[in-house]
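Notes to accompany the following structure.
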Amino acid sequence: MSLYSQAEVNLHTHSWYCGHGKGEIPDYVAAAKERGDLKVLGFSEHCPVPDNRWSSTRMDYSLLPSYVKDVRAARDCESSLGEAGLRILLGAECDSLKGYFSYYRDELLGGCGLDYLIGAVHFHHDEETGEDLYPNKIPNYTPYLGEYVKNYTDMLESGIFLLGAHPDLFCYYTPWSADLKAASKDIIQCALENDMPLEMNGLGIRKGIIEIGGVKRTRYTIKEFWEMAVDAGVRICCNSDAHRPEDVHGWPVHDGYINECFEFASKVGASFVSWEIEGERIRPVVVL
Ligand SMILES: [Zn+2]
Ligand SMILES: [Zn+2]
C-alpha cells in the first residue's frame with residue numbers, strides 16, 4: 001500500500017477522446033513526467049453512455065474499448081519502468097443521472113474494470129426543447145439549482161464515485177446569492193455525511209477572471225463556496241482537469257505554489273486529502 005500527498009496526484013485528466021480535448025494518452029504521460037513531482041496520473045475521460053447522450057462533448061460509446069486499451073498500455077509501459085515509472089490509473093468522469101448509475105457501476109467499474117469514477121453535473125435538461133445545456137449557455141442558473149443539487153447529491157450518495165468534481169459549476173455566470181449559498185450548503189452537507197471529497201477544480205481558475213454581477217471573479221472554483229466547504233470541514237481534493245497535455249500540472253509553479261489550486265487553497269484556508277493506493281484501488285485519507 002502506498003500513500004501519496006495531493007501534490008503528487010492528479011486524477012482528473014482528459015484527452016482527444018472526448019472530442020473537446022487535445023492530445024493522445026501517451027502525450028499526457030510524457031507531460032506529467034516532465035516536472036518529476038507527480039507520482040500518480042489518473043485518466044478520467046468524459047465517459048460515453050450506451051445511448052450516446054451528450055455525444056458532441058463526450059467520447060463516443062464505440063471508442064470505450066480503445067480508451068481502456070490505451071490507458072492500460074500506458075500503465076503497463078510505466079510499471080515496466082519500476083521506480084522511474086508513473087503510477088497510471090484508469091478512470092472516467094461521469095454525468096450524474098440516476099438512470100445511468102447501474103451502467104456506471106456494472107459496465108464501467110465491473111465489466112471494463114475501471115479503477116475509479118469521478119461524478120459531476122454538467123448539464124441542465126431543458127424539458128421544452130429537449131436540450132442539455134452547459135452552464136455557459138445559462139445566464140442565470142437560479143431556477144435550475146434544485147435539479148443540480150438533486151443530481152449532485154444523488155451522485156455523492158450512490159457509493160460508486162471516488163469524488164465529486166467541480167461542485168460549484170452552477171456559479172458559472174450567476175452572481176453569488178442566498179439561493180446559491182443554500183445550494184452550496186446542501187451539497188457540502190451531503191458530501192460531509194457521505195465522506196465524499198469535493199474537488200477544487202483547476203480549470204475553473206485557469207478559465208480566468210470575468211465580471212459577474214459587478215464582481216470580478218472566476219466562473220467556478222469561487223471563494224464563497226470553498227470558504228463554506230472549509231468551515232464545514234468537508235474533505236477537499238484538487239485536480240487540474242487537463243484537456244491539453246501542457247495543463248496536466250495546472251498552471252506552472254508561481255509564487256511558491258505548485259499550481260493554481262494550491263494557491264487558491266491557501267487563500268481559503270483549505271487543506272487537501274491524501275490518497276492511499278493498493279493495487280488499483282484508490283481511496284482518500286485525511287493525514288493528521
Ligand atoms: Zn471536458
Ligand atoms: Zn467536468
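Residues are named by chain letter and number: chains run A, B, ... in the order of the C-alpha cells, numbers start at 1 in each chain, and ligands are numbered from 1 in the order shown.
Considering only C-alpha atoms and all ligand atoms, every residue of the polymer chains approaching ligand 2 to 9 Å or closer is listed here: His12, His46, Glu93, Cys94, Asp95, Ile118, Gly119, Ala120, Val121, His122, Ala165, His166, Leu169, Asn201 and Asp241 of chain A.
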Selection file, N, CA and C atoms, as a compact mmCIF listing (two decimals), in the first residue's frame:
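File produced: part30.txt:
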```txt
# COMPACT_ATOMS: atom_id res chain seq x y z
N HIS A 12 -7.85 13.94 -12.56
CA HIS A 12 -8.85 14.48 -13.50
C HIS A 12 -8.14 14.91 -14.77
N HIS A 46 -14.38 12.03 -20.16
CA HIS A 46 -15.84 12.15 -20.13
C HIS A 46 -16.38 10.87 -20.75
N GLU A 93 -14.93 10.35 -15.99
CA GLU A 93 -15.77 11.37 -15.39
C GLU A 93 -17.19 11.14 -15.91
N CYS A 94 -18.12 10.95 -14.99
CA CYS A 94 -19.47 10.54 -15.36
C CYS A 94 -20.47 11.64 -15.04
N ASP A 95 -21.41 11.84 -15.94
CA ASP A 95 -22.50 12.79 -15.69
C ASP A 95 -23.52 12.13 -14.78
N ILE A 118 -15.22 9.55 -11.36
CA ILE A 118 -15.46 10.90 -10.85
C ILE A 118 -16.90 11.24 -11.21
N GLY A 119 -17.64 11.83 -10.28
CA GLY A 119 -19.01 12.23 -10.57
C GLY A 119 -19.11 13.73 -10.77
N ALA A 120 -19.99 14.14 -11.68
CA ALA A 120 -20.16 15.57 -11.93
C ALA A 120 -21.55 15.85 -12.49
N VAL A 121 -21.97 17.10 -12.36
CA VAL A 121 -23.19 17.55 -13.05
C VAL A 121 -22.76 18.64 -14.02
N HIS A 122 -22.94 18.39 -15.30
CA HIS A 122 -22.53 19.36 -16.33
C HIS A 122 -23.69 20.06 -17.01
N ALA A 165 -16.67 16.19 -8.70
CA ALA A 165 -15.91 17.20 -9.44
C ALA A 165 -16.61 18.55 -9.42
N HIS A 166 -15.80 19.59 -9.51
CA HIS A 166 -16.27 20.99 -9.60
C HIS A 166 -17.70 21.19 -9.08
N LEU A 169 -19.91 24.39 -10.11
CA LEU A 169 -20.03 24.75 -11.53
C LEU A 169 -21.25 25.63 -11.82
N ASN A 201 -11.38 22.68 -8.48
CA ASN A 201 -11.06 22.40 -9.89
C ASN A 201 -10.16 23.47 -10.50
N ASP A 241 -7.92 19.02 -14.09
CA ASP A 241 -8.94 18.92 -15.14
C ASP A 241 -8.34 19.29 -16.49
```
Could you pull out the residues sitting within 10 Å of ligand 1, using only C-alpha atoms and all ligand atoms, and write them as a PDB file with N, CA and C atoms, in the first residue's frame?
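Output contents, as saved in selection10.pdb:
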```pdb
ATOM      1  N   HIS A  12      -7.849  13.939 -12.561  1.00  0.00           N
ATOM      2  CA  HIS A  12      -8.853  14.477 -13.497  1.00  0.00           C
ATOM      3  C   HIS A  12      -8.139  14.907 -14.770  1.00  0.00           C
ATOM      4  N   THR A  13      -8.101  13.985 -15.749  1.00  0.00           N
ATOM      5  CA  THR A  13      -7.345  14.197 -16.974  1.00  0.00           C
ATOM      6  C   THR A  13      -8.168  13.744 -18.175  1.00  0.00           C
ATOM      7  N   HIS A  14      -8.262  14.591 -19.168  1.00  0.00           N
ATOM      8  CA  HIS A  14      -8.993  14.250 -20.400  1.00  0.00           C
ATOM      9  C   HIS A  14      -7.991  14.001 -21.527  1.00  0.00           C
ATOM     10  N   SER A  15      -8.462  13.931 -22.764  1.00  0.00           N
ATOM     11  CA  SER A  15      -7.602  13.689 -23.936  1.00  0.00           C
ATOM     12  C   SER A  15      -8.446  13.958 -25.181  1.00  0.00           C
ATOM     13  N   CYS A  18     -12.598  12.767 -25.817  1.00  0.00           N
ATOM     14  CA  CYS A  18     -13.907  13.367 -25.516  1.00  0.00           C
ATOM     15  C   CYS A  18     -14.386  14.300 -26.623  1.00  0.00           C
ATOM     16  N   GLY A  19     -13.511  14.606 -27.589  1.00  0.00           N
ATOM     17  CA  GLY A  19     -13.928  15.481 -28.680  1.00  0.00           C
ATOM     18  C   GLY A  19     -13.621  16.945 -28.424  1.00  0.00           C
ATOM     19  N   HIS A  20     -13.426  17.373 -27.163  1.00  0.00           N
ATOM     20  CA  HIS A  20     -13.050  18.769 -26.916  1.00  0.00           C
ATOM     21  C   HIS A  20     -11.713  18.870 -26.173  1.00  0.00           C
ATOM     22  N   GLY A  21     -10.999  17.744 -26.102  1.00  0.00           N
ATOM     23  CA  GLY A  21      -9.654  17.762 -25.531  1.00  0.00           C
ATOM     24  C   GLY A  21      -8.632  17.510 -26.625  1.00  0.00           C
ATOM     25  N   SER A  44      -9.470  10.349 -16.662  1.00  0.00           N
ATOM     26  CA  SER A  44     -10.896  10.386 -16.301  1.00  0.00           C
ATOM     27  C   SER A  44     -11.670  10.993 -17.468  1.00  0.00           C
ATOM     28  N   GLU A  45     -11.595  10.323 -18.603  1.00  0.00           N
ATOM     29  CA  GLU A  45     -12.264  10.868 -19.789  1.00  0.00           C
ATOM     30  C   GLU A  45     -13.766  10.997 -19.545  1.00  0.00           C
ATOM     31  N   HIS A  46     -14.382  12.030 -20.162  1.00  0.00           N
ATOM     32  CA  HIS A  46     -15.843  12.150 -20.134  1.00  0.00           C
ATOM     33  C   HIS A  46     -16.381  10.872 -20.754  1.00  0.00           C
ATOM     34  N   THR A  57     -19.963  16.280 -26.817  1.00  0.00           N
ATOM     35  CA  THR A  57     -18.890  16.638 -25.881  1.00  0.00           C
ATOM     36  C   THR A  57     -18.433  15.437 -25.053  1.00  0.00           C
ATOM     37  N   ARG A  58     -18.762  14.251 -25.511  1.00  0.00           N
ATOM     38  CA  ARG A  58     -18.387  13.041 -24.788  1.00  0.00           C
ATOM     39  C   ARG A  58     -17.743  12.051 -25.746  1.00  0.00           C
ATOM     40  N   GLU A  93     -14.928  10.346 -15.990  1.00  0.00           N
ATOM     41  CA  GLU A  93     -15.775  11.371 -15.387  1.00  0.00           C
ATOM     42  C   GLU A  93     -17.186  11.136 -15.912  1.00  0.00           C
ATOM     43  N   HIS A 122     -22.944  18.393 -15.304  1.00  0.00           N
ATOM     44  CA  HIS A 122     -22.526  19.361 -16.326  1.00  0.00           C
ATOM     45  C   HIS A 122     -23.693  20.059 -17.005  1.00  0.00           C
ATOM     46  N   LEU A 203      -9.292  23.984 -13.624  1.00  0.00           N
ATOM     47  CA  LEU A 203      -9.760  24.585 -14.870  1.00  0.00           C
ATOM     48  C   LEU A 203     -10.669  25.779 -14.603  1.00  0.00           C
ATOM     49  N   ASP A 241      -7.920  19.017 -14.088  1.00  0.00           N
ATOM     50  CA  ASP A 241      -8.944  18.918 -15.136  1.00  0.00           C
ATOM     51  C   ASP A 241      -8.342  19.293 -16.489  1.00  0.00           C
ATOM     52  N   ALA A 242      -7.211  18.652 -16.803  1.00  0.00           N
ATOM     53  CA  ALA A 242      -6.469  18.987 -18.023  1.00  0.00           C
ATOM     54  C   ALA A 242      -7.198  18.481 -19.265  1.00  0.00           C
ATOM     55  N   HIS A 243      -7.295  19.360 -20.252  1.00  0.00           N
ATOM     56  CA  HIS A 243      -7.807  18.972 -21.573  1.00  0.00           C
ATOM     57  C   HIS A 243      -6.721  19.113 -22.628  1.00  0.00           C
TER      58      HIS A 243
END
```
Determine the nearest neighbour of A:Leu114 from the options A:Phe101, A:Trp226, A:Phe161, A:Tyr61, counting only C-alpha atoms.
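Smallest separation from A:Leu114 among the options: A:Phe161.
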For stretch 249-262 of chain A: contacts at 7 Å, only C-alpha atoms, fewer than 4 positions along chain excluded, given as an MDAnalysis selection string
chainID A and resid 32 200 202 205 238 240 266
Restricting the output to C-alpha atoms, write the selected residues as a CSV table (one decimal), in the first residue's frame.
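Dumped to again-v4.csv:
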```csv
chain,number,residue,atom,x,y,z
A,32,ALA,CA,3.2,14.6,-16.4
A,200,MET,CA,-11.3,22.2,-6.1
A,202,GLY,CA,-8.0,24.0,-11.5
A,205,ILE,CA,-9.4,29.1,-12.1
A,238,CYS,CA,-7.9,19.2,-6.2
A,240,SER,CA,-6.1,20.2,-12.9
A,266,SER,CA,-4.1,28.8,0.9
```
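Taking atom CA of A:Lys137 and atom CA of A:Ile209 as endpoints, the distance between them is 17.7 Å.
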Choose the residue, out of A:Val230, A:Ala191, A:Leu108, A:Ile25, that has the smallest atom-to-atom separation from A:Leu163; count only C-alpha atoms.
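Of the candidates, the smallest distance to A:Leu163 is held by A:Ala191.
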Would you return as an NGL selection string the members of stretch 43-233 of chain A that DSSP assigns to strand (DSSP E) on this structure's backbone?
:A and (43-46 or 87-95 or 116-120 or 124-125 or 132-133 or 163-164 or 198-201 or 209-212 or 215-218)
